[in-house]
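Engineer: Pasting run_24.csv below, which is CSV, C-alpha atoms and all ligand atoms.
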```csv
chain,number,residue,atom,x,y,z
D,17,MET,CA,69.2,-4.8,6.3
D,18,ASN,CA,70.8,-4.4,9.8
D,19,LYS,CA,71.4,-7.6,11.7
D,20,TYR,CA,70.0,-8.0,15.2
D,21,VAL,CA,70.2,-10.5,18.0
D,22,VAL,CA,67.7,-10.4,20.9
D,23,LEU,CA,68.8,-11.6,24.3
D,24,ASP,CA,67.0,-12.4,27.5
D,25,ARG,CA,68.8,-10.7,30.3
D,26,ASP,CA,68.7,-12.7,33.6
D,27,GLY,CA,70.4,-16.1,33.3
D,28,VAL,CA,71.9,-15.3,29.9
D,29,ILE,CA,73.9,-12.1,30.4
D,30,ASN,CA,74.0,-12.0,34.2
D,31,ARG,CA,73.4,-14.5,37.0
D,32,VAL,CA,70.1,-14.8,38.7
D,33,THR,CA,68.6,-17.0,41.4
D,34,ARG,CA,65.1,-18.3,41.0
D,35,GLY,CA,62.6,-16.1,42.7
D,36,GLU,CA,65.1,-13.3,43.1
D,37,TYR,CA,65.2,-10.0,41.1
D,38,ILE,CA,68.1,-7.7,40.3
D,39,THR,CA,67.0,-4.7,42.2
D,40,SER,CA,70.2,-2.7,42.4
D,41,PRO,CA,73.3,-2.3,40.2
D,42,GLU,CA,75.5,-4.0,42.8
D,43,MET,CA,73.6,-7.2,42.1
D,44,ILE,CA,74.7,-7.4,38.5
D,45,ASP,CA,77.0,-10.4,38.1
D,46,LEU,CA,78.0,-11.1,34.5
D,47,LEU,CA,78.1,-14.7,33.4
D,48,PRO,CA,81.5,-15.8,32.2
D,49,GLY,CA,82.1,-15.0,28.5
D,50,ALA,CA,78.8,-13.0,28.2
D,51,ALA,CA,80.4,-9.6,27.6
D,52,ARG,CA,82.9,-11.0,25.1
D,53,ALA,CA,80.1,-12.8,23.3
D,54,ILE,CA,78.1,-9.6,22.9
D,55,ALA,CA,81.3,-7.7,21.8
D,56,GLN,CA,81.8,-10.4,19.2
D,57,LEU,CA,78.3,-9.9,17.8
D,58,ASN,CA,78.9,-6.2,17.7
D,59,ALA,CA,82.1,-6.7,15.9
D,60,GLN,CA,80.3,-8.7,13.3
D,61,GLY,CA,77.8,-6.0,12.7
D,62,TYR,CA,75.0,-7.2,14.9
D,63,ALA,CA,73.0,-4.8,17.2
D,64,VAL,CA,72.0,-6.5,20.4
D,65,ILE,CA,68.7,-5.9,22.1
D,66,VAL,CA,67.5,-7.2,25.5
D,67,VAL,CA,64.0,-8.4,26.2
D,68,SER,CA,63.2,-9.2,29.8
D,69,ASN,CA,60.3,-9.8,32.2
D,70,GLN,CA,60.7,-7.7,35.3
D,71,GLN,CA,57.5,-8.0,37.3
D,72,CYS,CA,59.6,-6.8,40.3
D,73,VAL,CA,58.4,-3.3,39.3
D,74,ALA,CA,54.7,-4.2,39.6
D,75,LEU,CA,55.5,-6.0,42.8
D,76,GLY,CA,56.9,-2.8,44.2
D,77,LEU,CA,60.4,-4.2,44.7
D,78,LEU,CA,61.9,-1.8,42.2
D,79,THR,CA,60.8,1.5,40.7
D,80,GLN,CA,60.9,2.2,37.0
D,81,LYS,CA,63.7,4.6,37.7
D,82,GLY,CA,65.5,1.8,39.6
D,83,LEU,CA,65.1,-0.5,36.7
D,84,ASP,CA,66.5,2.1,34.4
D,85,LEU,CA,69.5,2.4,36.7
D,86,VAL,CA,70.1,-1.3,36.6
D,87,SER,CA,69.9,-1.2,32.7
D,88,GLU,CA,72.4,1.7,32.6
D,89,SER,CA,74.8,0.0,35.0
D,90,LEU,CA,74.6,-3.2,32.9
D,91,ARG,CA,75.3,-1.1,29.8
D,92,THR,CA,78.3,0.5,31.5
D,93,VAL,CA,79.7,-2.8,32.7
D,94,LEU,CA,79.3,-4.3,29.3
D,95,ARG,CA,80.7,-1.3,27.5
D,96,SER,CA,83.9,-1.5,29.6
D,97,GLU,CA,84.4,-4.9,27.9
D,98,GLY,CA,83.6,-3.6,24.4
D,99,ALA,CA,80.0,-4.8,24.3
D,100,THR,CA,77.1,-2.6,23.4
D,101,ILE,CA,73.4,-3.1,24.1
D,102,GLU,CA,71.3,-1.1,21.7
D,103,GLU,CA,68.1,-1.1,23.7
D,104,PHE,CA,66.3,-2.7,26.7
D,105,PHE,CA,62.7,-3.8,26.4
D,106,TYR,CA,60.9,-4.8,29.6
D,107,CYS,CA,57.6,-6.0,30.7
D,108,THR,CA,57.1,-4.6,34.2
D,109,HIS,CA,53.6,-6.0,34.7
D,110,LEU,CA,52.5,-8.7,37.1
D,111,LYS,CA,52.4,-12.3,35.8
D,112,THR,CA,48.7,-12.2,36.5
D,113,ALA,CA,48.1,-9.0,34.6
D,114,ALA,CA,47.6,-10.9,31.3
D,115,CYS,CA,49.4,-8.1,29.4
D,116,GLU,CA,50.6,-8.6,25.8
D,117,CYS,CA,54.3,-7.9,26.6
D,118,ARG,CA,55.1,-10.4,29.3
D,119,LYS,CA,57.0,-13.4,27.8
D,120,PRO,CA,55.9,-15.8,26.5
D,121,GLN,CA,53.7,-13.3,24.8
D,122,PRO,CA,55.6,-11.9,21.8
D,123,GLY,CA,54.7,-8.2,22.6
D,124,LEU,CA,58.2,-7.0,23.4
D,125,LEU,CA,59.8,-8.7,20.4
D,126,LEU,CA,57.2,-7.2,18.2
D,127,GLU,CA,57.8,-3.8,19.7
D,128,ALA,CA,61.5,-4.2,19.1
D,129,GLN,CA,60.8,-5.2,15.6
D,130,ARG,CA,58.7,-2.2,14.9
D,131,ARG,CA,61.3,0.1,16.4
D,132,PHE,CA,64.3,-1.3,14.6
D,133,GLY,CA,62.7,-2.9,11.5
D,134,PHE,CA,64.6,-6.2,11.5
D,135,ASP,CA,63.3,-9.4,10.0
D,136,LEU,CA,61.8,-11.5,12.8
D,137,ALA,CA,62.1,-14.8,10.9
D,138,ALA,CA,65.8,-14.2,10.5
D,139,THR,CA,66.5,-13.1,14.0
D,140,TYR,CA,67.5,-15.2,17.0
D,141,PHE,CA,66.1,-14.8,20.5
D,142,VAL,CA,68.4,-16.4,23.1
D,143,GLY,CA,66.9,-17.3,26.5
D,144,ASP,CA,67.5,-19.6,29.5
D,145,MET,CA,63.9,-20.6,30.1
D,146,PHE,CA,61.4,-22.8,28.3
D,147,SER,CA,59.1,-19.8,28.1
D,148,ASP,CA,61.8,-18.0,26.1
D,149,VAL,CA,61.7,-20.7,23.5
D,150,VAL,CA,57.9,-20.3,23.3
D,151,THR,CA,58.3,-16.5,23.1
D,152,ALA,CA,60.5,-16.9,20.1
D,153,LYS,CA,58.0,-19.2,18.5
D,154,ASN,CA,55.1,-16.8,19.2
D,155,ALA,CA,57.1,-13.9,17.6
D,156,GLY,CA,58.2,-16.0,14.6
D,157,CYS,CA,61.8,-15.8,15.6
D,158,ARG,CA,64.6,-18.4,15.6
D,159,SER,CA,65.4,-19.6,19.1
D,160,ILE,CA,68.3,-20.7,21.1
D,161,PHE,CA,68.0,-22.2,24.6
D,162,THR,CA,71.0,-21.6,26.9
D,163,LEU,CA,72.0,-24.1,29.6
D,164,GLY,CA,73.2,-23.0,33.0
D,165,GLY,CA,70.2,-20.7,33.6
D,166,LEU,CA,66.9,-21.1,35.4
D,167,ASP,CA,65.5,-23.9,33.3
D,168,ASP,CA,68.7,-25.9,33.0
D,169,GLU,CA,67.6,-28.3,35.7
D,170,LEU,CA,64.2,-28.8,34.1
D,171,HIS,CA,66.0,-29.7,30.8
D,172,LYS,CA,68.5,-32.0,32.6
D,173,ARG,CA,65.6,-33.8,34.3
D,174,GLY,CA,64.4,-34.7,30.8
D,175,GLU,CA,61.5,-32.4,30.8
D,176,PRO,CA,60.6,-32.0,27.1
D,177,PHE,CA,60.6,-28.5,25.6
D,178,PRO,CA,57.1,-27.1,24.9
D,179,HIS,CA,58.6,-26.1,21.5
D,180,MET,CA,62.0,-27.3,20.2
D,181,PRO,CA,64.6,-24.6,20.1
D,182,GLU,CA,66.7,-24.5,17.0
D,183,TYR,CA,69.9,-24.9,19.1
D,184,ILE,CA,70.7,-25.8,22.7
D,185,ALA,CA,73.8,-23.8,23.7
D,186,ARG,CA,76.1,-24.3,26.7
D,187,ASP,CA,76.1,-20.5,27.3
D,188,LEU,CA,75.8,-17.2,25.5
D,189,ALA,CA,79.3,-17.6,24.0
D,190,ASP,CA,78.3,-20.9,22.5
D,191,ALA,CA,75.0,-19.4,21.2
D,192,VAL,CA,76.9,-16.6,19.5
D,193,ALA,CA,79.3,-19.0,17.9
D,194,TYR,CA,76.3,-20.9,16.5
D,195,ILE,CA,74.7,-17.7,15.2
D,196,LEU,CA,77.8,-16.5,13.5
D,197,ALA,CA,78.5,-19.8,11.9
D,198,LYS,CA,74.9,-20.3,10.8
D,199,ASP,CA,74.6,-16.8,9.3
D,200,GLN,CA,77.8,-17.3,7.4
D,201,ILE,CA,76.5,-20.5,5.9
D,202,GLU,CA,73.1,-19.0,5.1
D,203,ALA,CA,74.4,-15.7,3.8
D,301,MG,MG,66.2,-15.6,31.9
D,302,ZN,ZN,53.6,-6.6,30.3
```
Can you present the structure in this file as structure tokens?

Structural biologist:
Amino acid sequence: MNKYVVLDRDGVINRVTRGEYITSPEMIDLLPGAARAIAQLNAQGYAVIVVSNQQCVALGLLTQKGLDLVSESLRTVLRSEGATIEEFFYCTHLKTAACECRKPQPGLLLEAQRRFGFDLAATYFVGDMFSDVVTAKNAGCRSIFTLGGLDDELHKRGEPFPHMPEYIARDLADAVAYILAKDQIEA
């Protein structure tokens, strides 16, 4: 079976400020080591998928076409560093829309699973928010929480996780090192 790793986008691959959205390619600012970490996964035979909430579309801050442009730019920037993103899955609905795809609902992860056929229970979802950890739990995935993102402060203040992640990583590079080591042991 093909191996997959699912990543949250903002705060894991690229920088983001709370309350702000990446509405143009120029705003893409890769986190240090992120491209290399994805390239490392690819080199080890993992396809990498991105799952992200982007209610900026429903808010009218960005069109679907604009969002696609951001995805393509991110893809291009990463590819120039040897890293490949297989597919982007977005929820573009409002937080208040109560859809089934906005994290922490598992809809996007389930959709990705249906598309690519990976084993959810063996697949990691890496995110920088507590809600990402809950998303992984809701989808039956393994979860890694990365520090340095939007919920870093919450964690440092001692706020307990709503659900314990399998691993707390310094960043994506650390998360990938963990995944590769774990999969080697468990293989
Ligand atoms: Mg995030
Ligand atoms: Zn949605």

Engineer: Closest to D:Asn69 among D:Ile29, D:Leu124, D:Leu94, D:Ala50, using all atoms listed in the file?

Structural biologist: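 Going through D:Ile29, D:Leu124, D:Leu94, D:Ala50 one by one, the smallest distance to D:Asn69 is for D:Leu124.
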
Engineer: Return as a PyMOL selection string every polymer residue, whether protein, DNA or RNA, with at least one atom no more than 6 Å from an atom of ligand ZN 302 (chain D); count all atoms listed in the file.

Structural biologist: chain D and resi 107-109+115-118

Engineer: So that I have them on file, write out the residues from the current selection with C-alpha atoms, as a short mmCIF file (atom, residue, chain, number, x, y, z; two decimals), keeping the file's coordinate frame.

Structural biologist:
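Output contents, as saved in selection.cif:
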```cif
data_model
loop_
_atom_site.label_atom_id
_atom_site.label_comp_id
_atom_site.auth_asym_id
_atom_site.auth_seq_id
_atom_site.Cartn_x
_atom_site.Cartn_y
_atom_site.Cartn_z
CA CYS D 107 57.60 -6.00 30.70
CA THR D 108 57.10 -4.60 34.20
CA HIS D 109 53.60 -6.00 34.70
CA CYS D 115 49.40 -8.10 29.40
CA GLU D 116 50.60 -8.60 25.80
CA CYS D 117 54.30 -7.90 26.60
CA ARG D 118 55.10 -10.40 29.30
#
```

Engineer: Could you tell me, counting only C-alpha atoms and all ligand atoms, which protein and nucleic acid residues lie no more than 6 Å from ligand MG 301 (chain D), written as a list of chain:residue names?

Structural biologist: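 For ligand MG 301 (chain D), the residues inside 6 Å are D:Asp24, D:Arg25, D:Asp26, D:Gly27, D:Gly143, D:Asp144, D:Met145.
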
Engineer: One number please: atom CA of D:Ala138 to atom CA of D:Lys153, in Å, one decimal.

Structural biologist: 12.2 Å

Engineer: I'd like the contact shell of D:Leu85 - 12 Å cut-off, only C-alpha atoms, skipping same-chain residues fewer than 6 positions apart - returned as a short mmCIF file (atom, residue, chain, number, x, y, z; two decimals) with C-alpha atoms, keeping the file's coordinate frame.

Structural biologist:
```
data_model
loop_
_atom_site.label_atom_id
_atom_site.label_comp_id
_atom_site.auth_asym_id
_atom_site.auth_seq_id
_atom_site.Cartn_x
_atom_site.Cartn_y
_atom_site.Cartn_z
CA ILE D 38 68.10 -7.70 40.30
CA THR D 39 67.00 -4.70 42.20
CA SER D 40 70.20 -2.70 42.40
CA PRO D 41 73.30 -2.30 40.20
CA GLU D 42 75.50 -4.00 42.80
CA MET D 43 73.60 -7.20 42.10
CA ILE D 44 74.70 -7.40 38.50
CA LEU D 78 61.90 -1.80 42.20
CA THR D 79 60.80 1.50 40.70
CA ARG D 91 75.30 -1.10 29.80
CA THR D 92 78.30 0.50 31.50
CA PHE D 104 66.30 -2.70 26.70
#
```

Engineer: Could you work out how far atom CA of D:Ser147 lies from atom CA of D:Ala55, giving the answer in Å with one decimal?

Structural biologist: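 Value for the atom CA of D:Ala55-atom CA of D:Ser147 distance: 26.1 Å.
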
Engineer: Kindly indicate which residue among D:Glu103, D:Glu97, D:Asp45, D:Glu182 lies nearest to D:Arg31, using only C-alpha atoms for the distances.

Structural biologist: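 Checking each of D:Glu103, D:Glu97, D:Asp45, D:Glu182 against D:Arg31, counting only C-alpha atoms, the winner is D:Asp45.
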
Engineer: Using all atoms listed in the file, which of the listed residues (D:Leu46, D:Val66, D:Val21, D:Ala51) sits closest to D:Ala189?

Structural biologist: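 Residue with the minimum atom-to-atom distance to D:Ala189: D:Ala51.
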
Engineer: For D:Gly133, which of D:Ala53, D:Pro48, D:Ile101, D:Ala63 is the closest residue, counting all atoms listed in the file?

Structural biologist: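 The answer is D:Ala63, which sits nearest to D:Gly133.
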
Engineer: Write out as a PyMOL selection string the residues lying within 12 Å of D:Leu125, counting only C-alpha atoms and excluding same-chain residues fewer than 5 positions away.

Structural biologist: chain D and resi 20-24+65-69+103-107+116-120+130-137+139-142+148+151-158

Engineer: State, in Å with one decimal place, the distance from atom CA of D:Val93 to atom CA of D:Leu75.

Structural biologist: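 These atoms are spaced 26.4 Å apart.
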
Engineer: Nearest to D:Tyr62: which of D:Val32, D:Asp199, D:Pro122, D:Leu90 is it, counting all atoms listed in the file?

Structural biologist: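 Among D:Val32, D:Asp199, D:Pro122, D:Leu90, it is D:Asp199 that comes nearest to D:Tyr62.
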
Engineer: Nearest residue to D:Ala128 out of D:Leu83, D:Phe177, D:Glu102, D:Ile54, using all atoms listed in the file?

Structural biologist: D:Glu102

Engineer: Env of D:Asp190: 12 Å cut, atoms = all atoms listed in the file, seq-sep filter 4 positions within chain, self excluded. Answer as a tab-separated table (two decimals) with C-alpha atoms, in the coordinates of the input.

Structural biologist:
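As a result, selection_17.tsv now contains:
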```
chain	number	residue	atom	x	y	z
D	28	VAL	CA	71.90	-15.30	29.90
D	48	PRO	CA	81.50	-15.80	32.20
D	49	GLY	CA	82.10	-15.00	28.50
D	50	ALA	CA	78.80	-13.00	28.20
D	52	ARG	CA	82.90	-11.00	25.10
D	53	ALA	CA	80.10	-12.80	23.30
D	54	ILE	CA	78.10	-9.60	22.90
D	56	GLN	CA	81.80	-10.40	19.20
D	57	LEU	CA	78.30	-9.90	17.80
D	142	VAL	CA	68.40	-16.40	23.10
D	160	ILE	CA	68.30	-20.70	21.10
D	161	PHE	CA	68.00	-22.20	24.60
D	162	THR	CA	71.00	-21.60	26.90
D	163	LEU	CA	72.00	-24.10	29.60
D	164	GLY	CA	73.20	-23.00	33.00
D	183	TYR	CA	69.90	-24.90	19.10
D	184	ILE	CA	70.70	-25.80	22.70
D	185	ALA	CA	73.80	-23.80	23.70
D	186	ARG	CA	76.10	-24.30	26.70
D	194	TYR	CA	76.30	-20.90	16.50
D	195	ILE	CA	74.70	-17.70	15.20
D	196	LEU	CA	77.80	-16.50	13.50
D	197	ALA	CA	78.50	-19.80	11.90
```
